[in-house]
file final25.cif (mmCIF, C-alpha atoms and all ligand atoms)
data_entry
#
loop_
_atom_site.label_atom_id
_atom_site.label_comp_id
_atom_site.auth_asym_id
_atom_site.auth_seq_id
_atom_site.Cartn_x
_atom_site.Cartn_y
_atom_site.Cartn_z
CA MET A 208 0.00 0.00 0.00
CA THR A 209 1.26 3.50 -0.78
CA ILE A 210 1.53 6.30 1.77
CA GLU A 211 -1.47 7.98 0.09
CA GLU A 212 -3.57 4.79 0.31
CA ARG A 213 -2.75 4.33 3.99
CA ALA A 214 -3.62 7.97 4.75
CA ALA A 215 -6.88 7.65 2.80
CA LEU A 216 -7.89 4.56 4.81
CA LEU A 217 -7.34 6.37 8.11
CA ASP A 218 -9.09 9.50 6.81
CA GLN A 219 -12.09 7.40 5.77
CA ALA A 220 -12.22 5.69 9.18
CA THR A 221 -12.19 9.12 10.84
CA ALA A 222 -15.06 10.29 8.64
CA THR A 223 -17.24 7.20 9.03
CA GLY A 224 -16.40 6.17 12.60
CA GLU A 225 -15.74 2.63 11.31
CA ALA A 226 -12.60 1.05 12.74
CA ILE A 227 -10.00 -0.46 10.42
CA PRO A 228 -7.40 -3.21 10.94
CA GLN A 229 -3.94 -2.04 11.97
CA LEU A 230 -1.95 -0.89 8.94
CA THR A 231 0.93 -3.07 10.13
CA SER A 232 -1.28 -6.18 9.93
CA SER A 233 -0.39 -6.29 6.22
CA GLY A 234 3.35 -5.73 6.73
CA PRO A 235 5.89 -3.75 8.75
CA MET A 236 5.98 0.05 8.58
CA SER A 237 8.96 2.19 9.57
CA LEU A 238 8.53 5.18 11.87
CA GLU A 239 9.56 7.47 8.99
CA THR A 240 6.83 6.02 6.76
CA ALA A 241 4.31 6.27 9.61
CA TYR A 242 5.05 10.00 10.01
CA ALA A 243 4.76 10.43 6.22
CA VAL A 244 1.28 8.83 6.43
CA GLN A 245 0.40 11.16 9.31
CA HIS A 246 1.48 14.24 7.31
CA LYS A 247 -0.48 13.04 4.27
CA GLY A 248 -3.57 12.76 6.47
CA ILE A 249 -3.10 16.36 7.63
CA GLU A 250 -2.69 17.42 4.00
CA LEU A 251 -6.06 15.82 3.25
CA ARG A 252 -7.59 17.87 6.07
CA GLU A 253 -5.90 21.06 4.82
CA GLY A 254 -7.30 20.32 1.37
CA ARG A 255 -10.75 20.51 2.97
CA GLY A 256 -10.01 23.93 4.46
CA GLU A 257 -8.65 22.99 7.89
CA THR A 258 -5.68 24.94 9.21
CA LEU A 259 -2.92 23.87 11.58
CA ALA A 260 -3.66 24.81 15.19
CA GLY A 261 -0.69 23.19 16.92
CA VAL A 262 0.95 19.95 17.89
CA LYS A 263 0.45 17.33 20.60
CA LEU A 264 2.70 14.85 22.34
CA GLY A 265 1.78 11.31 23.31
CA PHE A 266 3.37 8.62 25.48
CA THR A 267 4.55 11.34 27.85
CA SER A 268 3.92 9.32 31.00
CA LYS A 269 6.36 6.67 32.15
CA ALA A 270 3.50 4.22 32.74
CA LYS A 271 2.10 4.60 29.19
CA ALA A 272 5.55 4.44 27.58
CA GLU A 273 6.34 1.24 29.50
CA GLN A 274 2.94 -0.23 28.60
CA MET A 275 3.68 0.44 24.90
CA GLY A 276 7.30 -0.71 25.22
CA VAL A 277 8.59 2.60 23.86
CA SER A 278 11.27 4.94 25.17
CA ASP A 279 10.36 8.15 23.37
CA VAL A 280 7.38 10.43 22.92
CA ILE A 281 5.35 10.67 19.71
CA ILE A 282 4.10 13.85 18.04
CA GLY A 283 0.89 14.62 16.19
CA SER A 284 -0.76 17.62 14.56
CA LEU A 285 -3.86 19.55 15.68
CA THR A 286 -6.12 21.46 13.31
CA ASP A 287 -8.62 24.24 13.94
CA ARG A 288 -11.55 21.90 13.33
CA MET A 289 -10.43 19.59 16.12
CA ARG A 290 -10.93 22.39 18.62
CA VAL A 291 -14.09 22.43 20.76
CA GLU A 292 -14.85 25.58 22.76
CA ASP A 293 -14.57 25.39 26.54
CA GLY A 294 -18.06 24.40 27.74
CA GLY A 295 -18.96 23.27 24.22
CA THR A 296 -20.29 19.97 22.91
CA PHE A 297 -18.56 16.94 21.42
CA ASP A 298 -20.52 14.40 19.38
CA VAL A 299 -19.30 10.94 20.45
CA GLY A 300 -21.36 9.41 17.63
CA ARG A 301 -18.86 10.87 15.15
CA GLY A 302 -16.03 8.85 16.63
CA VAL A 303 -14.98 5.20 16.72
CA HIS A 304 -14.42 4.74 20.46
CA PRO A 305 -13.41 8.14 21.88
CA ARG A 306 -11.63 8.55 25.21
CA VAL A 307 -10.70 11.66 27.15
CA GLU A 308 -7.51 12.72 28.92
CA PRO A 309 -6.90 15.71 31.22
CA GLU A 310 -3.87 17.60 29.95
CA VAL A 311 -1.90 20.83 30.16
CA ALA A 312 -1.67 23.03 27.05
CA PHE A 313 0.78 25.79 26.21
CA ARG A 314 0.42 28.65 23.76
CA LEU A 315 3.52 29.32 21.67
CA GLY A 316 4.88 32.80 20.99
CA PRO A 317 6.33 34.10 17.70
CA ASP A 318 9.65 32.30 18.23
CA ALA A 319 7.88 29.10 19.31
CA GLU A 320 8.57 29.90 22.98
CA LEU A 321 6.02 29.09 25.71
CA VAL A 322 3.94 32.16 26.55
CA ALA A 323 0.85 30.89 28.40
CA VAL A 324 -0.53 27.75 30.01
CA ALA A 325 -4.07 26.36 30.29
CA PRO A 326 -5.88 23.29 31.58
CA ALA A 327 -7.00 21.17 28.64
CA LEU A 328 -8.96 18.09 27.64
CA GLU A 329 -7.79 15.92 24.78
CA ILE A 330 -10.25 13.53 23.16
CA ILE A 331 -8.32 10.69 21.58
CA ASP A 332 -9.89 8.13 19.26
CA SER A 333 -7.90 5.37 17.66
CA ARG A 334 -9.12 4.55 14.18
CA TYR A 335 -7.99 0.94 14.75
CA ARG A 336 -10.15 -1.92 15.99
CA GLU A 337 -10.24 -2.37 19.76
CA PHE A 338 -7.99 0.69 20.25
CA ARG A 339 -5.02 -1.61 19.58
CA PHE A 340 -1.96 -0.57 17.59
CA SER A 341 1.79 -0.73 17.25
CA LEU A 342 3.97 2.37 17.57
CA ALA A 343 4.02 2.89 13.78
CA ASP A 344 0.24 2.40 13.56
CA VAL A 345 -0.55 5.07 16.15
CA VAL A 346 1.93 7.52 14.62
CA ALA A 347 0.31 7.06 11.19
CA ASP A 348 -3.08 7.63 12.89
CA ASN A 349 -1.92 11.11 13.99
CA THR A 350 -1.34 9.80 17.54
CA SER A 351 -5.10 9.15 17.93
CA ALA A 352 -5.82 12.89 17.90
CA SER A 353 -9.54 13.63 17.63
CA ALA A 354 -10.45 16.85 19.48
CA PHE A 355 -9.16 19.22 22.14
CA VAL A 356 -10.64 21.77 24.53
CA LEU A 357 -8.67 24.62 26.09
CA GLY A 358 -9.46 26.30 29.41
CA PRO A 359 -8.42 29.82 30.40
CA TRP A 360 -4.87 30.89 29.56
CA THR A 361 -2.66 32.08 32.43
CA LYS A 362 0.95 33.17 32.82
CA ILE A 363 3.40 30.31 33.16
CA GLY A 364 4.71 29.60 36.65
CA GLN A 365 5.82 26.37 38.25
CA VAL A 366 3.66 23.63 36.75
CA ASP A 367 5.60 20.50 37.66
CA ALA A 368 3.46 19.04 40.44
CA LEU A 369 -0.12 20.26 40.12
CA ALA A 370 -2.97 17.97 41.16
CA VAL A 371 -5.26 16.99 38.29
CA ASP A 372 -8.80 15.62 38.53
CA LEU A 373 -10.99 14.33 35.72
CA LEU A 374 -14.69 14.48 36.53
CA PHE A 375 -17.75 13.00 34.83
CA ASP A 376 -20.99 14.69 35.92
CA GLY A 377 -19.22 16.10 38.97
CA GLU A 378 -17.76 12.73 40.10
CA VAL A 379 -14.00 12.21 40.05
CA VAL A 380 -13.19 9.37 37.64
CA ALA A 381 -9.39 9.77 37.52
CA THR A 382 -6.74 11.66 39.46
CA GLY A 383 -3.16 12.42 38.63
CA SER A 384 -0.47 15.05 38.66
CA THR A 385 1.22 17.21 36.06
CA ALA A 386 4.40 15.45 37.23
CA ASP A 387 3.18 12.52 35.12
CA ILE A 388 3.72 14.67 32.01
CA LEU A 389 7.43 14.13 31.28
CA GLY A 390 8.20 14.77 34.97
CA ASP A 391 7.39 18.45 34.27
CA PRO A 392 5.11 19.67 31.45
CA LEU A 393 7.69 22.40 30.62
CA ARG A 394 9.78 19.58 29.14
CA ALA A 395 7.14 19.32 26.41
CA LEU A 396 8.73 22.21 24.51
CA PRO A 397 12.22 20.73 24.02
CA ALA A 398 10.59 17.36 23.30
CA ALA A 399 8.30 18.91 20.69
CA GLN A 400 11.19 20.87 19.14
CA ARG A 401 13.26 17.71 18.86
CA MET A 402 10.41 15.66 17.38
CA ALA A 403 9.35 18.49 15.04
CA ALA A 404 12.91 18.77 13.73
CA ALA A 405 13.15 15.00 13.25
CA TYR A 406 9.77 14.44 11.59
CA GLY A 407 8.85 17.72 9.89
CA HIS A 408 6.18 19.24 12.14
CA ARG A 409 5.70 22.99 12.32
CA LEU A 410 5.73 24.87 15.65
CA LEU A 411 3.89 28.03 14.64
CA GLY A 412 3.66 31.28 16.62
CA GLY A 413 0.25 31.52 18.32
CA SER A 414 -0.32 27.78 18.06
CA VAL A 415 -1.01 25.24 20.79
CA LEU A 416 1.22 22.57 22.29
CA LEU A 417 -0.73 19.82 24.07
CA ALA A 418 1.88 18.57 26.51
CA GLY A 419 0.43 15.17 27.42
CA ALA A 420 -1.97 13.40 29.73
CA ALA A 421 -1.92 13.52 33.53
CA THR A 422 -4.06 10.35 33.92
CA ALA A 423 -4.95 7.34 31.83
CA ALA A 424 -7.59 8.00 29.16
CA VAL A 425 -11.21 7.28 30.12
CA ALA A 426 -13.88 6.08 27.65
CA LEU A 427 -16.57 8.60 26.74
CA LYS A 428 -20.29 8.05 26.33
CA ALA A 429 -23.02 10.47 25.36
CA GLY A 430 -24.74 12.79 27.81
CA THR A 431 -21.77 13.40 30.12
CA HIS A 432 -20.42 16.66 31.52
CA VAL A 433 -16.65 16.14 31.36
CA GLU A 434 -14.38 18.43 33.34
CA ALA A 435 -10.66 18.61 34.05
CA ARG A 436 -9.46 20.55 37.09
CA VAL A 437 -5.79 21.43 37.35
CA ALA A 438 -4.77 22.97 40.68
CA GLY A 439 -3.73 26.58 40.20
CA LEU A 440 -4.76 26.64 36.54
CA GLY A 441 -8.52 26.24 36.80
CA SER A 442 -10.88 24.02 34.88
CA VAL A 443 -12.08 23.18 31.39
CA SER A 444 -15.15 21.26 30.32
CA VAL A 445 -17.07 19.74 27.48
CA ARG A 446 -20.45 18.04 27.23
CA THR A 447 -20.85 14.89 25.16
CA LYS A 448 -23.86 14.13 22.98
CA GLU A 449 -24.69 11.60 20.31
CA GLY A 450 -26.08 12.64 16.94
O1 LIG A 501 -2.43 11.72 23.44
C1 LIG A 501 -2.03 10.63 23.81
O2 LIG A 501 -1.37 10.47 24.84
C2 LIG A 501 -2.39 9.40 23.01
C3 LIG A 501 -1.24 8.94 22.24
C4 LIG A 501 -1.63 7.76 21.43
C5 LIG A 501 -1.87 6.53 22.22
C6 LIG A 501 -3.31 6.28 22.50
O3 LIG A 501 -4.17 6.45 21.62
O4 LIG A 501 -3.60 5.89 23.62
MG MG A 502 -3.02 13.18 24.80
#

call {"tool": "encode", "arguments": {"input": "final25.cif", "output": "structure tokens", "more": "lines below"}}
Ligand code: 0L1
Ligand code: MG
result
Amino acid sequence: MTIEERAALLDQATATGEAIPQLTSSGPMSLETAYAVQHKGIELREGRGETLAGVKLGFTSKAKAEQMGVSDVIIGSLTDRMRVEDGGTFDVGRGVHPRVEPEVAFRLGPDAELVAVAPALEIIDSRYREFRFSLADVVADNTSASAFVLGPWTKIGQVDALAVDLLFDGEVVATGSTADILGDPLRALPAAQRMAAAYGHRLLGGSVLLAGAATAAVALKAGTHVEARVAGLGSVSVRTKEG
């Protein structure tokens, strides 16, 4: 299969919400090819009028990296159409099997420096059956990126050990700490710079850097008020619906 064919399969699965077999089930795929597939998928989105809104990191927690048997982070791209307003609505019916993670986001300045921080929610949704994939598969699938929600921006202070709660309808469903994001979410910038240089991502002024998850991802169903609270940074929320 060509890079274009692999990107088209993933793009189709995103549009229909129908899971596909892992791309690597029909043969091995190098990390370089996987990132080429990811970029082709973003090009398809740009061809439909979407614009780049930022980048995201995955596998930023030691536990997740160990679970996947990997020793480095992965990088994906965010577009404007993936963004849901704080307090807005996300249609779970559009996805395959969406999950949510509480995160920390940074806004980049003109020289791709960190200028502001916000609590964030990332909705991830693997396009592969049973949410199962190899490293190359998930990279090709734009690191499972589906949607993101940003809370209020504030000036950056110490963010290395802030308590994080994920709540569904006011009940805590997961707790963690920003320390689980690379030991300190500020490390997301050098990690993103390194990955962007290696794999051709753009760190644009004014764009967003989703630093990584502070807890494991939790499955979403319709009709839920989902909120992340990050101590000292405030909260961010989204409501899920179906159809
Ligand atoms: O944003 C993330 O941490 C997810 C990275 C991809 C792995 C997954 O889908 O769980
Ligand atoms: Mg994430």

call {"tool": "closest_residue", "arguments": {"input": "final25.cif", "among": "A:Arg314, A:His408, A:Lys263, A:Lys362", "to": "Val280 of chain A", "atoms": "only C-alpha atoms"}}
result
A:Lys263

call {"tool": "residues_near_point", "arguments": {"input": "final25.cif", "point": "(2.0, 7.1, 9.9)", "cutoff": "12 Å", "atoms": "all atoms listed in the file", "output": "mmCIF file with C-alpha atoms, in the frame of the given file"}}
result
data_model
loop_
_atom_site.group_PDB
_atom_site.id
_atom_site.type_symbol
_atom_site.label_atom_id
_atom_site.label_comp_id
_atom_site.auth_asym_id
_atom_site.auth_seq_id
_atom_site.Cartn_x
_atom_site.Cartn_y
_atom_site.Cartn_z
ATOM 1 C CA THR A 209 1.260 3.500 -0.780
ATOM 2 C CA ILE A 210 1.530 6.300 1.770
ATOM 3 C CA GLU A 211 -1.470 7.980 0.090
ATOM 4 C CA GLU A 212 -3.570 4.790 0.310
ATOM 5 C CA ARG A 213 -2.750 4.330 3.990
ATOM 6 C CA ALA A 214 -3.620 7.970 4.750
ATOM 7 C CA ALA A 215 -6.880 7.650 2.800
ATOM 8 C CA LEU A 216 -7.890 4.560 4.810
ATOM 9 C CA LEU A 217 -7.340 6.370 8.110
ATOM 10 C CA ASP A 218 -9.090 9.500 6.810
ATOM 11 C CA GLN A 229 -3.940 -2.040 11.970
ATOM 12 C CA LEU A 230 -1.950 -0.890 8.940
ATOM 13 C CA THR A 231 0.930 -3.070 10.130
ATOM 14 C CA PRO A 235 5.890 -3.750 8.750
ATOM 15 C CA MET A 236 5.980 0.050 8.580
ATOM 16 C CA SER A 237 8.960 2.190 9.570
ATOM 17 C CA LEU A 238 8.530 5.180 11.870
ATOM 18 C CA GLU A 239 9.560 7.470 8.990
ATOM 19 C CA THR A 240 6.830 6.020 6.760
ATOM 20 C CA ALA A 241 4.310 6.270 9.610
ATOM 21 C CA TYR A 242 5.050 10.000 10.010
ATOM 22 C CA ALA A 243 4.760 10.430 6.220
ATOM 23 C CA VAL A 244 1.280 8.830 6.430
ATOM 24 C CA GLN A 245 0.400 11.160 9.310
ATOM 25 C CA HIS A 246 1.480 14.240 7.310
ATOM 26 C CA LYS A 247 -0.480 13.040 4.270
ATOM 27 C CA GLY A 248 -3.570 12.760 6.470
ATOM 28 C CA ILE A 249 -3.100 16.360 7.630
ATOM 29 C CA ILE A 281 5.350 10.670 19.710
ATOM 30 C CA ILE A 282 4.100 13.850 18.040
ATOM 31 C CA GLY A 283 0.890 14.620 16.190
ATOM 32 C CA SER A 284 -0.760 17.620 14.560
ATOM 33 C CA PHE A 340 -1.960 -0.570 17.590
ATOM 34 C CA SER A 341 1.790 -0.730 17.250
ATOM 35 C CA LEU A 342 3.970 2.370 17.570
ATOM 36 C CA ALA A 343 4.020 2.890 13.780
ATOM 37 C CA ASP A 344 0.240 2.400 13.560
ATOM 38 C CA VAL A 345 -0.550 5.070 16.150
ATOM 39 C CA VAL A 346 1.930 7.520 14.620
ATOM 40 C CA ALA A 347 0.310 7.060 11.190
ATOM 41 C CA ASP A 348 -3.080 7.630 12.890
ATOM 42 C CA ASN A 349 -1.920 11.110 13.990
ATOM 43 C CA THR A 350 -1.340 9.800 17.540
ATOM 44 C CA SER A 351 -5.100 9.150 17.930
ATOM 45 C CA TYR A 406 9.770 14.440 11.590
#

call {"tool": "residues_around", "arguments": {"input": "final25.cif", "residues": "segment 290-304 of chain A", "least_positions_apart": "4", "cutoff": "10 Å", "atoms": "all atoms listed in the file", "output": "ChimeraX atom specification"}}
result
/A:220-227,260,285-286,327-338,353-359,426-434,442-450

call {"tool": "residues_near_ligand", "arguments": {"input": "final25.cif", "ligand": "ligand MG 502 (chain A)", "cutoff": "6 Å", "atoms": "all atoms listed in the file", "output": "list in words"}}
result
Gly265, Glu329, Gly419 and Ala420 of chain A

call {"tool": "write_last_selection", "arguments": {"input": "final25.cif", "atoms": "C-alpha atoms", "output": "compact mmCIF listing (two decimals), in the coordinates of the input"}}
result
# COMPACT_ATOMS: atom_id res chain seq x y z
CA GLY A 265 1.78 11.31 23.31
CA GLU A 329 -7.79 15.92 24.78
CA GLY A 419 0.43 15.17 27.42
CA ALA A 420 -1.97 13.40 29.73

call {"tool": "atom_distance", "arguments": {"input": "final25.cif", "atom1": "atom CA of Ala438 of chain A", "atom2": "atom CA of Leu416 of chain A"}}
result
19.3 Å
